[in-house]
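Novice: Structure: entry.txt, compact mmCIF, C-alpha atoms.
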# COMPACT_ATOMS: atom_id res chain seq x y z
CA PRO A 1 165.43 120.10 43.48
CA GLU A 2 161.79 120.82 44.23
CA PRO A 3 160.72 119.01 47.47
CA PRO A 4 158.53 115.97 46.69
CA GLU A 5 156.05 116.84 49.50
CA GLY A 6 155.87 113.21 50.62
CA GLY A 7 157.12 109.81 49.47
CA TRP A 8 160.15 108.74 51.51
CA GLY A 9 159.68 112.06 53.31
CA TRP A 10 156.97 110.51 55.50
CA VAL A 11 159.49 107.93 56.78
CA VAL A 12 161.97 110.74 57.42
CA MET A 13 159.24 112.63 59.28
CA LEU A 14 158.61 109.64 61.59
CA ALA A 15 162.35 109.26 62.24
CA ALA A 16 162.64 112.98 63.03
CA MET A 17 159.61 112.67 65.29
CA TRP A 18 161.32 109.88 67.26
CA CYS A 19 164.43 112.07 67.48
CA ASN A 20 162.49 114.97 68.99
CA GLY A 21 160.74 112.57 71.37
CA ALA A 22 163.88 110.79 72.58
CA VAL A 23 165.97 113.96 72.98
CA PHE A 24 163.47 116.36 74.52
CA GLY A 25 161.33 113.71 76.22
CA ILE A 26 164.35 112.83 78.37
CA GLN A 27 165.34 116.49 78.82
CA ASN A 28 161.82 117.62 79.76
CA SER A 29 161.42 114.74 82.23
CA CYS A 30 164.50 115.89 84.11
CA GLY A 31 162.30 117.00 87.04
CA VAL A 32 161.73 113.33 87.98
CA LEU A 33 165.44 112.52 87.60
CA PHE A 34 166.28 115.69 89.57
CA VAL A 35 164.28 114.58 92.62
CA SER A 36 165.88 111.13 92.42
CA MET A 37 169.39 112.65 92.22
CA LEU A 38 168.67 114.81 95.29
CA ARG A 39 167.79 111.66 97.25
CA LEU A 40 170.66 109.54 95.92
CA PHE A 41 173.58 111.99 96.04
CA GLY A 42 172.45 114.56 98.63
CA SER A 43 172.86 114.94 102.35
CA SER A 44 171.14 117.20 104.87
CA GLU A 45 174.48 118.92 105.62
CA ASP A 46 174.88 120.22 102.05
CA LYS A 47 173.39 123.72 101.99
CA GLN A 48 173.85 124.13 98.21
CA LEU A 49 172.44 120.75 97.24
CA VAL A 50 169.64 122.03 94.97
CA PHE A 51 172.01 124.49 93.26
CA LYS A 52 174.66 121.82 92.52
CA THR A 53 172.15 119.18 91.36
CA ALA A 54 170.31 121.64 89.08
CA TRP A 55 173.52 122.07 87.08
CA VAL A 56 173.25 118.49 85.75
CA SER A 57 169.91 119.08 84.00
CA SER A 58 170.50 122.69 82.98
CA LEU A 59 173.98 121.92 81.63
CA SER A 60 172.50 119.07 79.60
CA MET A 61 169.76 121.22 78.05
CA GLY A 62 172.18 124.10 77.51
CA MET A 63 174.73 121.91 75.71
CA VAL A 64 172.05 120.60 73.33
CA PHE A 65 171.73 124.17 72.05
CA PHE A 66 175.31 125.36 72.65
CA CYS A 67 176.70 122.79 70.18
CA SER A 68 174.20 123.79 67.48
CA PRO A 69 176.44 126.24 65.54
CA ILE A 70 179.11 123.51 65.29
CA VAL A 71 176.49 120.92 64.34
CA SER A 72 175.18 123.17 61.56
CA ILE A 73 178.71 123.41 60.09
CA PHE A 74 179.14 119.62 60.19
CA THR A 75 175.65 119.17 58.69
CA ASP A 76 176.54 121.47 55.77
CA LEU A 77 179.88 119.70 55.26
CA PHE A 78 178.93 116.04 55.65
CA GLY A 79 175.15 115.87 55.35
CA CYS A 80 172.32 115.10 57.76
CA ARG A 81 172.63 111.30 57.82
CA LYS A 82 176.25 110.97 58.98
CA VAL A 83 175.97 113.71 61.60
CA ALA A 84 172.72 112.30 63.05
CA VAL A 85 174.03 108.71 63.28
CA ILE A 86 177.33 109.69 64.94
CA GLY A 87 175.51 112.05 67.31
CA ALA A 88 173.10 109.33 68.46
CA ALA A 89 176.05 106.98 69.07
CA VAL A 90 177.84 109.58 71.23
CA GLY A 91 174.62 110.27 73.16
CA LEU A 92 174.19 106.55 73.80
CA VAL A 93 177.73 106.30 75.21
CA GLY A 94 177.17 109.36 77.44
CA LEU A 95 173.88 108.07 78.85
CA LEU A 96 175.28 104.58 79.46
CA SER A 97 178.37 105.92 81.24
CA SER A 98 176.10 108.10 83.43
CA SER A 99 174.65 104.91 84.91
CA PHE A 100 178.00 103.94 86.47
CA VAL A 101 178.84 107.09 88.49
CA SER A 102 178.83 107.19 92.30
CA THR A 103 178.82 110.98 92.93
CA ILE A 104 177.13 114.01 91.36
CA GLU A 105 180.28 115.60 89.87
CA PRO A 106 180.98 113.02 87.08
CA LEU A 107 177.39 113.54 85.84
CA TYR A 108 178.36 117.07 84.81
CA PHE A 109 180.52 115.47 82.09
CA THR A 110 178.76 112.17 81.25
CA TYR A 111 175.16 113.45 81.30
CA GLY A 112 175.59 117.22 81.11
CA ILE A 113 178.16 117.31 78.28
CA LEU A 114 178.70 113.94 76.53
CA PHE A 115 175.06 112.82 76.39
CA ALA A 116 173.86 116.35 75.57
CA CYS A 117 176.41 116.88 72.77
CA GLY A 118 175.33 113.61 71.19
CA CYS A 119 171.69 114.71 71.42
CA SER A 120 172.59 118.01 69.75
CA PHE A 121 174.32 116.28 66.83
CA ALA A 122 171.33 113.96 66.43
CA TYR A 123 168.67 116.66 66.82
CA GLN A 124 169.55 119.48 64.44
CA PRO A 125 169.80 117.33 61.26
CA SER A 126 166.22 116.25 61.98
CA LEU A 127 165.13 119.87 61.44
CA VAL A 128 167.23 120.44 58.32
CA ILE A 129 166.32 117.18 56.53
CA LEU A 130 162.60 118.08 56.57
CA GLY A 131 163.31 120.98 54.20
CA HIS A 132 164.64 118.45 51.66
CA TYR A 133 161.24 116.73 51.44
CA PHE A 134 158.64 119.40 52.28
CA LYS A 135 157.97 123.03 51.43
CA LYS A 136 154.22 123.68 51.21
CA ARG A 137 153.52 121.40 54.19
CA LEU A 138 156.63 122.34 56.18
CA GLY A 139 154.66 124.03 59.01
CA LEU A 140 152.37 121.02 59.43
CA VAL A 141 155.25 118.53 59.26
CA ASN A 142 157.27 120.54 61.79
CA GLY A 143 154.24 120.51 64.07
CA ILE A 144 153.94 116.71 63.82
CA VAL A 145 157.69 116.19 64.32
CA THR A 146 157.96 118.47 67.34
CA ALA A 147 154.84 116.82 68.78
CA GLY A 148 157.08 113.77 69.22
CA SER A 149 158.69 115.38 72.25
CA SER A 150 155.22 115.99 73.70
CA LEU A 151 154.27 112.31 73.38
CA PHE A 152 157.44 111.32 75.21
CA THR A 153 157.05 114.11 77.79
CA VAL A 154 153.56 112.78 78.54
CA SER A 155 154.59 109.15 78.99
CA LEU A 156 158.18 109.23 80.26
CA PRO A 157 157.61 110.81 83.72
CA PHE A 158 155.29 107.95 84.75
CA LEU A 159 157.62 105.34 83.27
CA LEU A 160 160.63 106.92 84.99
CA ARG A 161 158.81 107.03 88.34
CA VAL A 162 157.93 103.32 88.10
CA LEU A 163 161.46 102.39 86.99
CA ILE A 164 163.21 104.48 89.66
CA ASP A 165 161.00 103.04 92.41
CA SER A 166 161.54 99.46 91.22
CA VAL A 167 165.07 99.25 89.75
CA ASP A 168 166.78 102.49 91.01
CA LEU A 169 168.19 105.47 89.06
CA TYR A 170 171.17 103.67 87.53
CA ASN A 171 169.14 100.93 85.84
CA THR A 172 166.58 103.54 84.74
CA LEU A 173 169.32 105.36 82.80
CA ARG A 174 170.28 102.04 81.17
CA VAL A 175 166.67 101.52 80.06
CA LEU A 176 166.69 105.01 78.52
CA CYS A 177 169.67 103.88 76.41
CA ILE A 178 167.17 101.85 74.35
CA LEU A 179 165.61 105.12 73.14
CA MET A 180 169.04 106.35 72.03
CA PHE A 181 169.77 103.09 70.19
CA VAL A 182 166.52 103.40 68.20
CA LEU A 183 167.51 107.01 67.48
CA PHE A 184 170.85 105.73 66.15
CA LEU A 185 168.96 103.47 63.70
CA ALA A 186 166.51 106.25 62.76
CA GLY A 187 169.39 108.46 61.58
CA PHE A 188 170.04 106.09 58.67
CA THR A 189 166.69 107.08 57.10
CA TYR A 190 167.87 110.68 56.45
CA LYS A 191 168.46 110.20 52.74
CA PRO A 192 169.59 113.64 51.46
CA LEU A 193 168.04 115.18 48.34
CA ILE A 194 170.33 118.24 48.42
CA PRO A 195 174.04 117.35 48.17
CA SER A 196 176.33 118.26 51.08
CA THR A 197 179.43 120.43 50.67
CA LYS A 198 181.56 117.27 50.72
CA ASP A 199 179.59 115.78 47.81
CA LYS A 200 179.80 119.02 45.82
CA GLU A 201 183.53 119.51 46.33
CA GLY A 202 184.30 115.81 45.83
CA GLY A 203 182.26 115.74 42.62
CA LYS A 204 184.15 118.70 41.17
CA LYS A 205 187.71 117.76 42.10
CA GLY A 206 187.57 114.03 42.76
CA LYS A 207 188.97 114.59 46.23
CA PHE A 208 187.22 116.40 49.08
CA LYS A 209 188.78 119.69 50.19
CA LEU A 210 187.47 121.90 52.93
CA PRO A 211 185.79 124.99 51.47
CA PRO A 212 186.92 128.49 52.53
CA ALA A 213 186.30 129.55 56.14
CA LYS A 214 183.65 132.04 55.00
CA LYS A 215 181.58 129.19 53.58
CA ILE A 216 182.08 126.98 56.63
CA CYS A 217 181.00 129.68 59.13
CA ASN A 218 178.30 131.61 57.34
CA PHE A 219 178.12 134.75 59.47
CA SER A 220 176.41 136.57 56.60
CA VAL A 221 173.04 135.66 58.16
CA PHE A 222 173.75 138.31 60.81
CA LYS A 223 173.72 140.97 58.08
CA VAL A 224 169.95 140.47 57.94
CA LEU A 225 168.62 142.90 60.55
CA SER A 226 165.36 141.03 61.15
CA TYR A 227 167.34 137.82 61.83
CA ARG A 228 169.66 139.69 64.24
CA ILE A 229 166.69 140.92 66.27
CA TRP A 230 165.21 137.40 66.29
CA ALA A 231 168.53 135.76 67.22
CA PHE A 232 168.98 138.02 70.26
CA GLY A 233 165.29 138.48 71.19
CA ILE A 234 164.62 134.73 71.58
CA PRO A 235 167.54 134.14 74.03
CA ALA A 236 166.48 137.24 76.00
CA ALA A 237 163.10 135.56 76.52
CA LEU A 238 164.51 132.22 77.63
CA PHE A 239 166.26 132.97 80.94
CA GLY A 240 163.28 131.57 82.81
CA TYR A 241 161.97 129.13 80.19
CA PHE A 242 163.55 125.90 81.52
CA VAL A 243 163.06 126.71 85.24
CA PRO A 244 159.60 125.05 85.56
CA TYR A 245 160.81 121.84 83.85
CA VAL A 246 163.66 121.43 86.37
CA HIS A 247 162.13 122.75 89.59
CA LEU A 248 158.37 122.30 89.33
CA MET A 249 158.44 118.75 90.78
CA ASN A 250 160.46 119.87 93.79
CA HIS A 251 158.24 122.95 94.25
CA VAL A 252 155.16 120.71 94.39
CA LYS A 253 156.84 118.53 97.04
CA ASP A 254 157.65 121.65 99.09
CA ARG A 255 154.13 123.09 98.74
CA PHE A 256 151.88 119.99 98.86
CA GLY A 257 154.11 117.21 100.20
CA ASP A 258 153.70 113.66 98.86
CA SER A 259 149.90 113.84 98.84
CA VAL A 260 149.62 114.81 95.15
CA PRO A 261 150.85 113.07 91.96
CA GLU A 262 153.32 115.70 90.73
CA GLU A 263 153.97 113.79 87.46
CA VAL A 264 150.47 114.88 86.36
CA LEU A 265 151.89 118.38 85.80
CA LEU A 266 154.43 117.11 83.25
CA LEU A 267 151.60 115.12 81.69
CA CYS A 268 149.57 118.33 81.30
CA LEU A 269 152.57 120.20 79.87
CA GLY A 270 153.23 117.40 77.40
CA ILE A 271 149.66 116.89 76.18
CA THR A 272 148.86 120.55 75.55
CA SER A 273 152.32 121.18 74.10
CA GLY A 274 151.65 118.45 71.53
CA VAL A 275 148.22 119.92 70.76
CA GLY A 276 149.78 123.39 70.43
CA ARG A 277 152.42 122.16 68.00
CA LEU A 278 149.87 120.50 65.74
CA ILE A 279 147.44 123.42 65.79
CA PHE A 280 149.89 126.32 65.55
CA GLY A 281 152.12 124.46 63.08
CA ARG A 282 149.16 124.31 60.70
CA VAL A 283 148.06 127.88 61.50
CA ALA A 284 151.57 129.14 60.65
CA ASP A 285 151.18 127.78 57.07
CA TYR A 286 148.36 130.31 56.54
CA ILE A 287 150.18 133.32 58.04
CA PRO A 288 152.24 135.09 55.38
CA GLY A 289 155.96 135.81 55.70
CA ALA A 290 157.53 137.15 58.88
CA LYS A 291 154.14 137.79 60.48
CA LYS A 292 154.49 134.25 61.89
CA ILE A 293 156.59 135.98 64.56
CA TYR A 294 153.41 137.28 66.21
CA LEU A 295 152.60 133.70 67.22
CA GLN A 296 155.88 133.56 69.15
CA VAL A 297 155.16 136.97 70.72
CA ALA A 298 151.82 135.68 72.03
CA SER A 299 153.41 132.45 73.26
CA PHE A 300 156.11 134.29 75.25
CA PHE A 301 153.51 136.57 76.81
CA PHE A 302 151.47 133.63 78.10
CA ILE A 303 154.52 131.58 79.16
CA GLY A 304 155.80 134.50 81.24
CA LEU A 305 152.38 135.09 82.78
CA MET A 306 151.92 131.40 83.66
CA SER A 307 155.39 131.22 85.28
CA MET A 308 154.46 134.11 87.55
CA MET A 309 151.19 132.40 88.49
CA ILE A 310 152.84 129.17 89.71
CA PRO A 311 153.62 130.52 93.24
CA LEU A 312 150.06 131.88 93.53
CA CYS A 313 148.53 128.41 93.12
CA ASN A 314 147.66 127.11 96.59
CA VAL A 315 145.39 124.41 95.15
CA PHE A 316 146.81 121.60 93.02
CA GLY A 317 143.98 121.97 90.47
CA ALA A 318 145.01 125.57 89.80
CA LEU A 319 148.57 124.41 89.14
CA VAL A 320 147.22 121.87 86.64
CA ALA A 321 145.35 124.65 84.78
CA VAL A 322 148.52 126.79 84.67
CA CYS A 323 150.52 123.89 83.21
CA LEU A 324 147.85 123.25 80.58
CA PHE A 325 148.11 126.83 79.28
CA MET A 326 151.91 126.89 79.57
CA GLY A 327 152.22 123.69 77.53
CA LEU A 328 149.90 124.98 74.80
CA PHE A 329 151.98 128.11 74.16
CA ASP A 330 155.25 126.25 74.63
CA GLY A 331 154.18 124.12 71.65
CA CYS A 332 153.36 127.26 69.67
CA PHE A 333 156.82 128.76 70.30
CA ILE A 334 158.76 125.62 69.33
CA CYS A 335 156.92 124.38 66.24
CA ILE A 336 157.39 127.55 64.17
CA MET A 337 161.14 128.02 64.77
CA ALA A 338 162.19 126.43 61.46
CA PRO A 339 159.45 128.10 59.29
CA ILE A 340 160.44 131.53 60.67
CA ALA A 341 164.12 130.86 59.95
CA PHE A 342 163.22 129.96 56.34
CA GLU A 343 161.28 133.24 56.02
CA LEU A 344 164.03 135.46 57.43
CA VAL A 345 167.18 134.09 55.72
CA GLY A 346 165.99 131.75 52.94
CA ALA A 347 166.54 128.04 52.36
CA GLN A 348 170.27 128.30 51.50
CA ASP A 349 171.30 129.69 54.91
CA VAL A 350 168.68 128.10 57.13
CA SER A 351 170.91 125.39 58.62
CA GLN A 352 173.43 127.78 60.12
CA ALA A 353 170.75 130.35 60.96
CA ILE A 354 169.04 127.76 63.16
CA GLY A 355 172.43 126.66 64.51
CA PHE A 356 173.49 130.14 65.59
CA LEU A 357 170.09 130.80 67.17
CA LEU A 358 170.15 127.56 69.19
CA GLY A 359 173.73 128.31 70.24
CA LEU A 360 172.70 131.72 71.59
CA MET A 361 169.74 130.10 73.36
CA SER A 362 172.07 127.80 75.30
CA VAL A 363 173.38 130.49 77.67
CA PRO A 364 170.07 131.61 79.25
CA MET A 365 168.71 128.05 79.32
CA THR A 366 171.81 126.85 81.18
CA VAL A 367 171.99 129.74 83.66
CA GLY A 368 168.29 129.97 84.61
CA PRO A 369 167.71 126.73 86.61
CA PRO A 370 170.87 126.95 88.80
CA ILE A 371 169.98 130.56 89.72
CA ALA A 372 166.46 129.37 90.65
CA GLY A 373 168.07 126.58 92.72
CA LEU A 374 170.35 129.08 94.46
CA LEU A 375 167.34 131.26 95.34
CA ARG A 376 165.59 128.18 96.74
CA ASP A 377 168.64 127.30 98.87
CA LYS A 378 168.89 130.87 100.21
CA LEU A 379 165.19 131.72 100.69
CA GLY A 380 163.77 128.28 101.43
CA THR A 381 161.05 128.69 98.77
CA TYR A 382 160.73 128.81 94.98
CA ASP A 383 158.27 131.75 94.92
CA VAL A 384 160.77 134.49 93.99
CA ALA A 385 162.45 132.20 91.43
CA PHE A 386 159.17 131.63 89.55
CA TYR A 387 158.23 135.32 89.68
CA LEU A 388 161.60 136.27 88.19
CA ALA A 389 161.36 133.46 85.60
CA GLY A 390 158.25 135.13 84.14
CA VAL A 391 159.91 138.48 83.43
CA PRO A 392 162.34 137.57 80.54
CA PRO A 393 159.61 136.06 78.28
CA LEU A 394 157.64 139.32 78.51
CA ILE A 395 160.73 141.38 77.59
CA GLY A 396 161.75 139.02 74.76
CA GLY A 397 158.22 139.03 73.32
CA ALA A 398 158.21 142.84 73.23
CA ILE A 399 161.51 142.81 71.28
CA LEU A 400 160.16 140.33 68.71
CA CYS A 401 157.19 142.61 67.90
CA PHE A 402 159.48 144.78 65.74
CA ILE A 403 160.62 141.98 63.39
CA PRO A 404 157.72 141.92 60.83
CA TRP A 405 157.97 145.71 60.39
CA VAL A 406 161.79 145.59 59.99
CA HIS A 407 161.55 142.65 57.58
CA GLU A 408 159.04 144.43 55.34
CA ARG A 409 161.21 147.55 55.24
CA GLN A 410 164.21 145.44 54.24
CA LYS A 411 162.27 143.87 51.39
CA LEU A 412 161.10 147.28 50.16
CA LYS A 413 164.68 148.61 50.22
CA GLU A 414 165.91 145.64 48.20
CA ARG A 415 163.22 146.19 45.58
CA ALA A 416 163.97 149.92 45.39
CA LYS A 417 167.74 149.48 44.92
CA PRO A 418 168.96 151.31 41.77
CA VAL A 419 170.31 149.10 39.02
CA ASP A 420 174.12 149.44 38.82
CA GLY A 421 176.01 150.46 35.67
CA GLU A 422 177.19 146.98 34.78
CA THR A 423 173.66 145.57 34.86
CA THR A 424 172.38 148.52 32.79
CA GLU A 425 175.04 147.89 30.13
CA LYS A 426 174.06 144.22 29.89
CA MET A 427 170.39 145.16 29.54
CA LEU A 428 171.21 147.63 26.74
CA GLU A 429 173.35 145.01 24.97
CA ASN A 430 170.50 142.50 25.15
CA GLU A 431 168.05 145.07 23.77
CA SER A 432 170.36 145.98 20.85
CA THR A 433 170.85 142.29 20.06
CA LEU A 434 167.10 141.74 19.98
CA VAL A 435 166.61 144.78 17.69
CA SER A 436 169.34 143.64 15.27
CA ASP A 437 167.89 140.11 15.22
CA THR A 438 164.42 141.37 14.28
CA THR A 439 165.75 143.65 11.50
CA GLU A 440 168.00 140.99 10.01
CA LYS A 441 165.36 138.26 9.99
CA PRO A 442 163.11 139.75 7.17
CA VAL A 443 166.19 140.42 5.00
CA LYS A 444 167.27 136.77 5.32
CA GLU A 445 163.77 135.65 4.43
CA LEU A 446 163.81 137.86 1.31
CA ASP A 447 167.24 136.52 0.30
CA SER A 448 166.04 132.93 0.62
CA GLY A 449 162.98 133.78 -1.48
CA PHE A 450 165.14 134.86 -4.42
Now, as a test, write the supplied structure out as structure tokens.

Specialist:
Amino acid sequence: PEPPEGGWGWVVMLAAMWCNGAVFGIQNSCGVLFVSMLRLFGSSEDKQLVFKTAWVSSLSMGMVFFCSPIVSIFTDLFGCRKVAVIGAAVGLVGLLSSSFVSTIEPLYFTYGILFACGCSFAYQPSLVILGHYFKKRLGLVNGIVTAGSSLFTVSLPFLLRVLIDSVDLYNTLRVLCILMFVLFLAGFTYKPLIPSTKDKEGGKKGKFKLPPAKKICNFSVFKVLSYRIWAFGIPAALFGYFVPYVHLMNHVKDRFGDSVPEEVLLLCLGITSGVGRLIFGRVADYIPGAKKIYLQVASFFFIGLMSMMIPLCNVFGALVAVCLFMGLFDGCFICIMAPIAFELVGAQDVSQAIGFLLGLMSVPMTVGPPIAGLLRDKLGTYDVAFYLAGVPPLIGGAILCFIPWVHERQKLKERAKPVDGETTEKMLENESTLVSDTTEKPVKELDSGF
């Protein structure tokens, strides 16, 4: 059906906005939790402390994306509502169980895997369900929804700092469970307008049967060359993307001590990221077709450049300016993911196209922060880690430049395809039928006149 461009869709938009805020607000505030974990679980004798602790946050963010191909299959089979509700429940259990551990190792499972998998199952349906309700305003709505994570990224670091100082890390995690419970309730608002595979199959046969494997795992999206370049270019750019979110707080402590409010940097990232999502989400609605990719190219260029500038900032004010620019282009990159997927593969395949892309993104996002932590443990400084973190976005952005040109060539080839024999026969049959109808009609009229 044609999307209603509003109505109940506005409620769905608010629920999806909360989802983005709860999931990525917690993930992006991991720098505050990271410093607290170092104090709680670390000792001066452990020479790989930063490396081991960084795995908790990076594993969590990586698993959010790693599960995405599986989530897209479940979303196609059972619909957005069921998947989102169950995912939020699993995330709630994972976060709650994380508040009862006594060493760092169990957090790899409770926080890094269980909580993150639940977040993944709750998050992706929030992207897909928007396409049920919006088409013309999809860029704007995606901008508003993804701005939810910015609102939470702005406020959560300060709240977490106050909570950790007053009630310790364990009780702070229990307070965060409230966000996941609201997310659980928000999932019930995802009323589908397009039937799921289960509804289609059940309606036809009376009893649900799994469709063929080809329909469950729709690898046909990789036949689209422009999508293939996008699906491998984005991950190539993301090896250093999550490094500042994990290590920036600790870098500030190393460089400036306790004399500066390091949470201000996450505040700057969050505010400008939200502004970027709203602005560039709307701008993307006016950029035709695959040319939206150029917005992501520009965003990767600036993100890479800003990452390299972090070690050069010897004044806290300069670091604030860097974070403001980084947040702005981070928002640009994120808010147009879904619109670009719709352009490259079409509405029918968009769920799994997004799922495969997020799954491929998980590897670089998981590997980057621990490598940065290892460099910090070995060299005693984050400088080299931040310089290296800026290189992949520049390379990935250069790869993405080719997509609009490739996409246009593909469209031209499809239009220029010769019509096959079977189609030609049908066209000739239709023409002969029309001719015979027009010649017979006057004769019938003459007969009726007599």

Novice: Between A:Phe41, A:Trp405, A:Phe34, A:Phe386, which one has atoms that come closest to Ile104 of chain A, using all atoms listed in the file?

Specialist: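 Smallest separation from Ile104 of chain A among the options: A:Phe41.
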
Novice: Rounded to one decimal place, report the atom CA of Leu40 of chain A-atom CA of Gly373 of chain A distance in Å.

Specialist: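 So the two atoms, atom CA of Leu40 of chain A and atom CA of Gly373 of chain A, lie 17.5 Å apart.
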
Novice: In terms of the shortest atom-to-atom distance over all atoms listed in the file, which of A:Ala231, A:Val50, A:Val406, A:Leu159 is closest to Asn250 of chain A?

Specialist: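 Going through A:Ala231, A:Val50, A:Val406, A:Leu159 one by one, the smallest distance to Asn250 of chain A is for A:Val50.
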
Novice: Using Å and a single decimal, report how far atom CA of His251 of chain A sits from atom CA of Cys313 of chain A.

Specialist: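 Atom CA of His251 of chain A lies at a distance of 11.2 Å from atom CA of Cys313 of chain A.
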
Novice: So that I can see what lies close to Leu400 of chain A, please list as a VMD selection string the residues with an atom at most 9 Å from it, counting only C-alpha atoms and leaving out residues fewer than 2 positions away in the same chain.

Specialist: chain A and resid 229 to 230 233 to 234 293 to 294 296 to 297 395 to 398 402 to 404

Novice: Which residue gives the smallest distance to Val182 of chain A among A:Ala22, A:Leu33, A:Leu49, A:Ile113, with all atoms listed in the file counted?

Specialist: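 For Val182 of chain A, the nearest of the given residues is A:Ala22.
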
Novice: Skipping near chain neighbours, those fewer than 6 positions away, what residues fall within 10 Å of Cys119 of chain A using only C-alpha atoms, listed as an mmCIF file with C-alpha atoms, keeping the file's coordinate frame?

Specialist:
data_model
loop_
_atom_site.group_PDB
_atom_site.id
_atom_site.type_symbol
_atom_site.label_atom_id
_atom_site.label_comp_id
_atom_site.auth_asym_id
_atom_site.auth_seq_id
_atom_site.Cartn_x
_atom_site.Cartn_y
_atom_site.Cartn_z
ATOM 1 C CA CYS A 19 164.430 112.070 67.480
ATOM 2 C CA ASN A 20 162.490 114.970 68.990
ATOM 3 C CA ALA A 22 163.880 110.790 72.580
ATOM 4 C CA VAL A 23 165.970 113.960 72.980
ATOM 5 C CA PHE A 24 163.470 116.360 74.520
ATOM 6 C CA GLN A 27 165.340 116.490 78.820
ATOM 7 C CA SER A 60 172.500 119.070 79.600
ATOM 8 C CA MET A 61 169.760 121.220 78.050
ATOM 9 C CA MET A 63 174.730 121.910 75.710
ATOM 10 C CA VAL A 64 172.050 120.600 73.330
ATOM 11 C CA PHE A 65 171.730 124.170 72.050
ATOM 12 C CA CYS A 67 176.700 122.790 70.180
ATOM 13 C CA ALA A 84 172.720 112.300 63.050
ATOM 14 C CA ILE A 86 177.330 109.690 64.940
ATOM 15 C CA GLY A 87 175.510 112.050 67.310
ATOM 16 C CA ALA A 88 173.100 109.330 68.460
ATOM 17 C CA ALA A 89 176.050 106.980 69.070
ATOM 18 C CA VAL A 90 177.840 109.580 71.230
ATOM 19 C CA GLY A 91 174.620 110.270 73.160
ATOM 20 C CA LEU A 92 174.190 106.550 73.800
ATOM 21 C CA GLY A 94 177.170 109.360 77.440
ATOM 22 C CA ILE A 113 178.160 117.310 78.280
ATOM 23 C CA MET A 180 169.040 106.350 72.030
ATOM 24 C CA LEU A 183 167.510 107.010 67.480
#

Novice: Rank A:Gln352, A:Ser166, A:Ser126, A:Asn314 by their smallest atom-to-atom distance to Ala186 of chain A, using all atoms listed in the file, and report the top residue only.

Specialist: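 Answer, going by the shortest atom-to-atom distance: A:Ser126.
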
Novice: Could you tell me how far atom CA of Ala236 of chain A lies from atom CA of Gly62 of chain A, in Å and to one decimal?

Specialist: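 Answer for the atom CA of Ala236 of chain A to atom CA of Gly62 of chain A separation: 14.4 Å.
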
Novice: Rank A:Leu412, A:Met361, A:Ile70, A:Val391 by their smallest atom-to-atom distance to Phe232 of chain A, using all atoms listed in the file, and report the top residue only.

Specialist: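 Among the listed residues, A:Met361 lies closest to Phe232 of chain A.
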
Novice: Choose the residue, out of A:Leu14, A:Leu225, A:Leu358, A:Ile194, that has the smallest atom-to-atom separation from Thr146 of chain A; count all atoms listed in the file.

Specialist: A:Leu14

Novice: Could you give me, as a list in words, the residues that have an atom at most 12 Å away from the point (145.3, 127.3, 61.4) in the coordinates of the file, using only C-alpha atoms?

Specialist: Gly139, Leu140, Gly143, Gly276, Arg277, Leu278, Ile279, Phe280, Gly281, Arg282, Val283, Ala284, Asp285, Tyr286, Ile287, Lys292, Leu295 and Cys332 of chain A

Novice: Please identify all polymer residues within 6 Å of segment 128-134 of chain A, counting only C-alpha atoms, omitting same-chain residues fewer than 4 positions from it, and present them as a PyMOL selection string.

Specialist: chain A and resi 3-5+9+138+193

Novice: Output C-alpha atoms for every residue in that selection, as a short mmCIF file (atom, residue, chain, number, x, y, z; two decimals), in the coordinates of the input.

Specialist:
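Output contents, as saved in again-v6.cif:
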data_model
loop_
_atom_site.label_atom_id
_atom_site.label_comp_id
_atom_site.auth_asym_id
_atom_site.auth_seq_id
_atom_site.Cartn_x
_atom_site.Cartn_y
_atom_site.Cartn_z
CA PRO A 3 160.72 119.01 47.47
CA PRO A 4 158.53 115.97 46.69
CA GLU A 5 156.05 116.84 49.50
CA GLY A 9 159.68 112.06 53.31
CA LEU A 138 156.63 122.34 56.18
CA LEU A 193 168.04 115.18 48.34
#

Novice: So for segment 137-150 of chain A, what box centre and size do we get, axis-aligned, 5 Å extra on each of the six sides, every listed atom, Å to one decimal, as lines of an AutoDock Vina configuration file?

Specialist:
center_x = 155.5
center_y = 118.9
center_z = 63.9
size_x = 16.3
size_y = 20.3
size_z = 29.5

Novice: Around (167.9, 138.1, 55.6) in the file's frame, which residues reach within 10 Å when counting only C-alpha atoms? Return as a ChimeraX atom specification?

Specialist: /A:220-228,341-346,349,353,407,410-411

Novice: Write out as a count of residues only each polymer residue whose atoms come within 6 Å of segment 238-246 of chain A, counting only C-alpha atoms; drop sequence neighbours fewer than 5 positions from it.

Specialist: 7
